[in-house]
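Only one structure is covered here, and it is reproduced in the block below.
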Amino acid sequence: MKTRAAVAFAAGKPLEIVEVDLEGPRAGEVLVEIKATGICHTDEFTLSGADPEGIFPAILGHEGAGIVVDVGAGVTSVKKGDHVIPLYTPECRECPSCLSRKTNLCTAIRSTQGQGLMPDGTSRFSFEGKPIHHYMGCSTFSNYTVLPEIAVAKIDPEAPFDKVCYIGCGVTTGVGAVINTAKVEQGATAIVFGLGGIGLNVIQGLRLAGADMIIGVDLNNDKKAWGERFGMTHFVNPKEVGGDLVPYLVNLTKRGADQIGGADYTFDCTGNTTVMRQALEASHRGWGKSIIIGVAGAGQEISTRPFQLVTGRSWLGTAFGGARGRTDVPRIVDWYMSGKIEIDPMITHTLRLEDINKGFDLMHAGESIRSVVLY
Ligand code: NAD
Ligand code: AHE
Ligand code: ZN
């Protein structure tokens with residue numbers, strides 16, 4: 001079949017809207033009509049050329065929602081008409097990683113996914129007879145896409161596509177980092193670095209977990225009101241701190257008899273390796289946990305004095321908020337439907353596919369939280 005898609009033909013170039021060819025689903029695969037897709041900073045990261053796994057030409061996008069329109073042989077867990085969210089972290093429930101119960105990082109198809117291919121090592125997309133790569137196993141910047149059965153979560157058919165697509169990455173990553181990875185407890189102190197589409201969801205996750213002090217750090221003062229909207233209690237703009245940021249934050253988190261300071265939990269939602277170090281060092285001596293969510297470019301490394309770890313701070317990382325997609329994503333959709341979590345205010349812009357590059361411009365200008373493309 002033919003489908004409209006925004007194709008990344010080369011790194012650093014705007015996406016081009018073209019009609020591509022799409023082969024139908026093979027065994028164990030499903031064809032999904034994407035109804036809406038968010039634009040995540042990771043799409044920008046890959047498009048920029050900073051992603052060591054970036055391959056071009058490719059159809060980016062990994063934060064979508066849509067309807068199953070066809071299934072390949074042997075597919076049993078979903079059927080035509082089901083509403084689904086594509087999963088860049090699948091859940092096969094059979095691989096050693098899934099069976100370990102220690103990680104959400106299913107390894108069943110990770111190697112072909114990283115090569116921009118379906119599990120059988122081929123692409124379903126082509127343009128003018130040449131293959132186009134898949135991206136993160138999802139390619140939601142195409143109106144129709146093919147996905148492995150293990151990479152779709154069946155959701156409430158009443159859930160609005162233009163909102164719950166955000167659960168395909170940003171919401172689950174932010175809320176999940178708090179609940180699944182950090183396991184934040186009531187009364188905790190926390191610092192969130194970077195109040196964008198991920199950081200605000202960390203903040204709403206912290207509110208849900210009952211954290212007492214939620215400090216947001218961002219270079220953009222417009223983010224103060226955004227953070228407060230979702231439960232942030234204090235805002236710090238590093239440019240306005242007269243001196244070093246870490247001692248400033250440590251001082252801010254001193255409470256009662258505890259005059260050591262440092263937050264129980266810190267989260268990097270920027271992808272900046274200097275910020276990652278600040279986040280670790282602003283966590284509490286003896287027990288602070290610092291969670292890296294941000295994705296850093298090829299060749300970048302993190303560093304700190306080992307003494308920071310010797311004295312009890314832990315550096316952790318999380319992908320997709322530690323969520324097991326087929327199990328957890330439908331539940332998060334239900335949380336949204338019952339009002340337990342918010343999504344609507346964070347979707348600041350809705351665009352047509354033809355205007356998708358405007359979504360990247362809005363992100364660069366710091367004007368959007370999430371732009372969503374409607375098909
Ligand atoms: P975004 O562009 O919406 O937000 C980034 C925010 O960080 C902005 O508000 C910006 O002003 C702020 N910022 C930038 N530099 C800063 C600095 N030095 N100090 C303080 N604030 C700073 O991006 P997003 O969609 O929220 O994504 C955030 C990061 O998370 C990206 O690196 C993205 O690739 C990554 N990500 C990771 C996962 C995962 O599973 N680990 C999932 C989704 C996104
Ligand atoms: N390909 C990059 C890393 C990109 C990355 O870390 N991706 C996250 C999801 S970001 C979603 O917006 C992830 O899930 N990582 C785990 C995985 O298996 O990819 C690189 O540096 O090579
Ligand atoms: Zn993402």
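Residues are named by chain letter and number: chains run A, B, ... in the order of the structure tokens, numbers start at 1 in each chain, and ligands are numbered from 1 in the order shown.
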
Considering only C-alpha atoms and all ligand atoms, give me a table of residues in chain A that are at most 9 Å from ligand 2, with the closest atom pair and distance in Å for each, as a tab-separated table.
```
residue	atom	partner	partner_atom_place_in_ligand_line	distance
A:Cys40	CA	ligand 2	12 (O)	6.0
A:His41	CA	ligand 2	12 (O)	6.6
A:Thr42	CA	ligand 2	12 (O)	4.5
A:Asp43	CA	ligand 2	12 (O)	7.1
A:Phe45	CA	ligand 2	4 (C)	8.5
A:Thr46	CA	ligand 2	1 (N)	7.8
A:Ala50	CA	ligand 2	21 (O)	8.4
A:Asp51	CA	ligand 2	2 (C)	5.3
A:Pro52	CA	ligand 2	22 (O)	4.8
A:Glu53	CA	ligand 2	1 (N)	4.8
A:Gly54	CA	ligand 2	1 (N)	7.0
A:His62	CA	ligand 2	12 (O)	7.5
A:Glu63	CA	ligand 2	12 (O)	8.3
A:Tyr88	CA	ligand 2	14 (O)	6.8
A:Thr89	CA	ligand 2	14 (O)	6.3
A:Leu105	CA	ligand 2	18 (O)	6.5
A:Cys106	CA	ligand 2	18 (O)	8.3
A:Thr107	CA	ligand 2	18 (O)	8.2
A:Arg110	CA	ligand 2	18 (O)	6.6
A:Ser111	CA	ligand 2	18 (O)	8.9
A:Gln113	CA	ligand 2	19 (O)	8.8
A:Gly114	CA	ligand 2	19 (O)	7.4
A:Met136	CA	ligand 2	19 (O)	7.5
A:Cys169	CA	ligand 2	12 (O)	6.1
A:Gly170	CA	ligand 2	12 (O)	7.2
A:Thr173	CA	ligand 2	11 (C)	7.9
A:Ile198	CA	ligand 2	12 (O)	9.0
A:Ile293	CA	ligand 2	10 (S)	8.0
A:Gly294	CA	ligand 2	10 (S)	7.7
A:Val295	CA	ligand 2	6 (O)	5.3
A:Ala296	CA	ligand 2	21 (O)	6.7
A:Gly297	CA	ligand 2	21 (O)	6.4
A:Ala298	CA	ligand 2	21 (O)	6.3
A:Gly299	CA	ligand 2	21 (O)	8.9
A:Thr318	CA	ligand 2	13 (C)	7.8
A:Ala319	CA	ligand 2	14 (O)	4.4
A:Phe320	CA	ligand 2	14 (O)	5.7
A:Gly321	CA	ligand 2	14 (O)	8.9
```

From stretch 91-259 of chain A, collect each residue whose DSSP state is strand (DSSP E or B) and return the set as a ChimeraX atom specification. /A:125-127,130-133,142,144-148,152-154,189-193,213-217,234-236,255,258

Write out, as a PDB file, in the first residue's frame, the residues just selected, with N, CA and C atoms.
```pdb
ATOM      1  N   PHE A 125       9.138  -0.435   4.663  1.00  0.00           N
ATOM      2  CA  PHE A 125       8.990   0.850   3.966  1.00  0.00           C
ATOM      3  C   PHE A 125       9.962   0.952   2.794  1.00  0.00           C
ATOM      4  N   SER A 126       9.505   1.583   1.698  1.00  0.00           N
ATOM      5  CA  SER A 126      10.435   1.919   0.608  1.00  0.00           C
ATOM      6  C   SER A 126       9.929   3.172  -0.100  1.00  0.00           C
ATOM      7  N   PHE A 127      10.855   3.823  -0.777  1.00  0.00           N
ATOM      8  CA  PHE A 127      10.508   5.030  -1.532  1.00  0.00           C
ATOM      9  C   PHE A 127      11.282   4.987  -2.844  1.00  0.00           C
ATOM     10  N   LYS A 130      13.678   2.122  -3.156  1.00  0.00           N
ATOM     11  CA  LYS A 130      14.795   1.936  -2.214  1.00  0.00           C
ATOM     12  C   LYS A 130      14.250   1.855  -0.785  1.00  0.00           C
ATOM     13  N   PRO A 131      14.831   0.951   0.029  1.00  0.00           N
ATOM     14  CA  PRO A 131      14.303   0.805   1.387  1.00  0.00           C
ATOM     15  C   PRO A 131      14.478   2.063   2.235  1.00  0.00           C
ATOM     16  N   ILE A 132      13.504   2.276   3.107  1.00  0.00           N
ATOM     17  CA  ILE A 132      13.573   3.348   4.108  1.00  0.00           C
ATOM     18  C   ILE A 132      13.598   2.626   5.455  1.00  0.00           C
ATOM     19  N   HIS A 133      14.421   3.082   6.375  1.00  0.00           N
ATOM     20  CA  HIS A 133      14.539   2.410   7.668  1.00  0.00           C
ATOM     21  C   HIS A 133      13.383   2.737   8.613  1.00  0.00           C
ATOM     22  N   SER A 142       4.624   8.081  10.131  1.00  0.00           N
ATOM     23  CA  SER A 142       3.956   7.567   8.942  1.00  0.00           C
ATOM     24  C   SER A 142       2.499   7.290   9.305  1.00  0.00           C
ATOM     25  N   TYR A 144       0.550   5.059   8.245  1.00  0.00           N
ATOM     26  CA  TYR A 144       0.407   3.618   8.503  1.00  0.00           C
ATOM     27  C   TYR A 144       1.794   3.066   8.782  1.00  0.00           C
ATOM     28  N   THR A 145       1.887   2.122   9.714  1.00  0.00           N
ATOM     29  CA  THR A 145       3.182   1.529  10.020  1.00  0.00           C
ATOM     30  C   THR A 145       2.984   0.060  10.392  1.00  0.00           C
ATOM     31  N   VAL A 146       4.047  -0.706  10.266  1.00  0.00           N
ATOM     32  CA  VAL A 146       3.994  -2.122  10.634  1.00  0.00           C
ATOM     33  C   VAL A 146       4.842  -2.324  11.882  1.00  0.00           C
ATOM     34  N   LEU A 147       4.296  -3.084  12.819  1.00  0.00           N
ATOM     35  CA  LEU A 147       4.961  -3.299  14.104  1.00  0.00           C
ATOM     36  C   LEU A 147       4.910  -4.769  14.480  1.00  0.00           C
ATOM     37  N   PRO A 148       5.918  -5.262  15.198  1.00  0.00           N
ATOM     38  CA  PRO A 148       5.802  -6.612  15.740  1.00  0.00           C
ATOM     39  C   PRO A 148       4.661  -6.652  16.770  1.00  0.00           C
ATOM     40  N   VAL A 152       3.091  -3.705  20.587  1.00  0.00           N
ATOM     41  CA  VAL A 152       1.885  -2.872  20.669  1.00  0.00           C
ATOM     42  C   VAL A 152       1.156  -3.174  21.977  1.00  0.00           C
ATOM     43  N   ALA A 153       0.662  -2.097  22.600  1.00  0.00           N
ATOM     44  CA  ALA A 153      -0.143  -2.235  23.821  1.00  0.00           C
ATOM     45  C   ALA A 153      -1.586  -1.911  23.467  1.00  0.00           C
ATOM     46  N   LYS A 154      -2.481  -2.842  23.795  1.00  0.00           N
ATOM     47  CA  LYS A 154      -3.914  -2.643  23.514  1.00  0.00           C
ATOM     48  C   LYS A 154      -4.499  -1.746  24.609  1.00  0.00           C
ATOM     49  N   THR A 189      12.234  14.402  49.166  1.00  0.00           N
ATOM     50  CA  THR A 189      12.640  15.628  48.473  1.00  0.00           C
ATOM     51  C   THR A 189      13.207  15.234  47.113  1.00  0.00           C
ATOM     52  N   ALA A 190      12.957  16.063  46.105  1.00  0.00           N
ATOM     53  CA  ALA A 190      13.405  15.705  44.755  1.00  0.00           C
ATOM     54  C   ALA A 190      13.776  16.958  43.968  1.00  0.00           C
ATOM     55  N   ILE A 191      14.736  16.781  43.064  1.00  0.00           N
ATOM     56  CA  ILE A 191      15.098  17.872  42.133  1.00  0.00           C
ATOM     57  C   ILE A 191      14.982  17.336  40.709  1.00  0.00           C
ATOM     58  N   VAL A 192      14.291  18.098  39.869  1.00  0.00           N
ATOM     59  CA  VAL A 192      14.097  17.708  38.471  1.00  0.00           C
ATOM     60  C   VAL A 192      14.812  18.744  37.599  1.00  0.00           C
ATOM     61  N   PHE A 193      15.807  18.278  36.844  1.00  0.00           N
ATOM     62  CA  PHE A 193      16.559  19.164  35.950  1.00  0.00           C
ATOM     63  C   PHE A 193      15.981  19.066  34.548  1.00  0.00           C
ATOM     64  N   MET A 213       8.904  18.014  48.764  1.00  0.00           N
ATOM     65  CA  MET A 213       9.617  19.151  48.175  1.00  0.00           C
ATOM     66  C   MET A 213      10.015  18.762  46.756  1.00  0.00           C
ATOM     67  N   ILE A 214       9.522  19.486  45.772  1.00  0.00           N
ATOM     68  CA  ILE A 214       9.809  19.174  44.359  1.00  0.00           C
ATOM     69  C   ILE A 214      10.433  20.423  43.736  1.00  0.00           C
ATOM     70  N   ILE A 215      11.743  20.374  43.564  1.00  0.00           N
ATOM     71  CA  ILE A 215      12.464  21.529  43.014  1.00  0.00           C
ATOM     72  C   ILE A 215      12.647  21.311  41.520  1.00  0.00           C
ATOM     73  N   GLY A 216      12.275  22.295  40.725  1.00  0.00           N
ATOM     74  CA  GLY A 216      12.488  22.238  39.277  1.00  0.00           C
ATOM     75  C   GLY A 216      13.620  23.167  38.895  1.00  0.00           C
ATOM     76  N   VAL A 217      14.487  22.715  37.998  1.00  0.00           N
ATOM     77  CA  VAL A 217      15.631  23.526  37.541  1.00  0.00           C
ATOM     78  C   VAL A 217      15.536  23.648  36.021  1.00  0.00           C
ATOM     79  N   HIS A 234       9.378  24.518  44.243  1.00  0.00           N
ATOM     80  CA  HIS A 234      10.424  25.544  44.151  1.00  0.00           C
ATOM     81  C   HIS A 234      10.985  25.531  42.729  1.00  0.00           C
ATOM     82  N   PHE A 235      11.378  26.709  42.243  1.00  0.00           N
ATOM     83  CA  PHE A 235      11.990  26.796  40.908  1.00  0.00           C
ATOM     84  C   PHE A 235      13.357  27.455  41.012  1.00  0.00           C
ATOM     85  N   VAL A 236      14.329  26.906  40.296  1.00  0.00           N
ATOM     86  CA  VAL A 236      15.676  27.489  40.270  1.00  0.00           C
ATOM     87  C   VAL A 236      16.112  27.639  38.817  1.00  0.00           C
ATOM     88  N   ARG A 255      16.706  20.299  55.717  1.00  0.00           N
ATOM     89  CA  ARG A 255      15.398  20.307  56.385  1.00  0.00           C
ATOM     90  C   ARG A 255      15.539  19.917  57.846  1.00  0.00           C
ATOM     91  N   ASP A 258      18.160  17.672  59.727  1.00  0.00           N
ATOM     92  CA  ASP A 258      19.118  17.228  58.701  1.00  0.00           C
ATOM     93  C   ASP A 258      19.733  18.449  58.017  1.00  0.00           C
TER      94      ASP A 258
END
```

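Within the 9 Å cut-off around A:Lys289, using only C-alpha atoms and omitting residues fewer than 4 positions from it on the same chain, the listed residues are Ala182, Ala263, Asp264, Tyr265, Thr266, Phe267, Leu280, Ser283, His284, Gly312, Arg313, Ser314, Trp315 and Leu316 of chain A.
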
Within 8 Å of A:Ala209 using only C-alpha atoms, minus same-chain residues under 6 positions, as an NGL selection string: :A and (178-179 or 184-186)

Stretch 158-162 of chain A environment, 8 Å, only C-alpha atoms, sequence neighbours closer than 4 positions dropped, as a count of residues only: 9

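For the pair atom CA of A:Ala323 and atom CA of A:Ser338, the interatomic distance is 19.6 Å.
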
* Name the residues of stretch 170-374 of chain A that come out as alpha helix (DSSP H) in a backbone DSSP run; write them as a PyMOL selection string. => chain A and resi 170-176+199-209+223-229+245-252+273-281+306-310+325-337+356-364

Selected residue, from A:Lys183, A:Ile109, A:Lys254, A:Pro330, that lies nearest to A:Gly168 when counting only C-alpha atoms =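 Smallest distance to A:Gly168 is found for A:Pro330.
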
Residue with the minimum atom-to-atom distance to A:Ser123, picked from A:His349, A:Arg26, A:Arg229, A:His364 with only C-alpha atoms counted, is A:Arg26

Students should find that atom CA of A:Val202 and atom CA of A:Leu351 are spaced 25.1 Å

Near-stretch 73-82 of chain A list (8 Å; only C-alpha atoms; drop same-chain fewer than 6 positions) as a PDB file with C-alpha atoms, in the first residue's frame:
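Once written, around-v4.pdb looks like this:
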```
ATOM      1  CA  ARG A  26       4.277 -10.614   7.886  1.00  0.00           C
ATOM      2  CA  ALA A  27       3.923 -13.388  10.496  1.00  0.00           C
ATOM      3  CA  GLY A  28       3.813 -11.992  14.022  1.00  0.00           C
ATOM      4  CA  GLU A  29       3.336  -8.406  12.776  1.00  0.00           C
ATOM      5  CA  VAL A  30       0.473  -5.929  12.713  1.00  0.00           C
ATOM      6  CA  ILE A  67      -5.894   1.366  15.249  1.00  0.00           C
ATOM      7  CA  GLU A 149       2.876  -7.912  17.795  1.00  0.00           C
ATOM      8  CA  LYS A 154      -3.914  -2.643  23.514  1.00  0.00           C
ATOM      9  CA  ILE A 155      -5.684   0.296  25.168  1.00  0.00           C
ATOM     10  CA  PRO A 157     -10.985   2.265  22.824  1.00  0.00           C
TER      11      PRO A 157
END
```

- prompt: Please, what distance in Å, to one decimal, runs between atom CA of A:Thr348 and atom CA of A:Ala177?
  reply: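 Atom-to-atom, atom CA of A:Thr348 to atom CA of A:Ala177, that is 22.8 Å.
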
- Mind checking which residues fall within 8 Å of A:Gly121, counting only C-alpha atoms, ignoring those fewer than 3 positions away in the same chain, and posting them as a PyMOL selection string? chain A and resi 112+117-118

Hey, can you spit out that residue selection with C-alpha atoms as a CSV table (one decimal), in the first residue's frame?
```csv
chain,number,residue,atom,x,y,z
A,112,THR,CA,17.2,-5.5,14.4
A,117,LEU,CA,14.7,-3.2,10.5
A,118,MET,CA,11.8,-5.5,11.4
```

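Across A:Ile167, A:Val329, A:Ile59, A:Ala282, the tightest approach to A:Arg370 is made by A:Ile167 when counting only C-alpha atoms.
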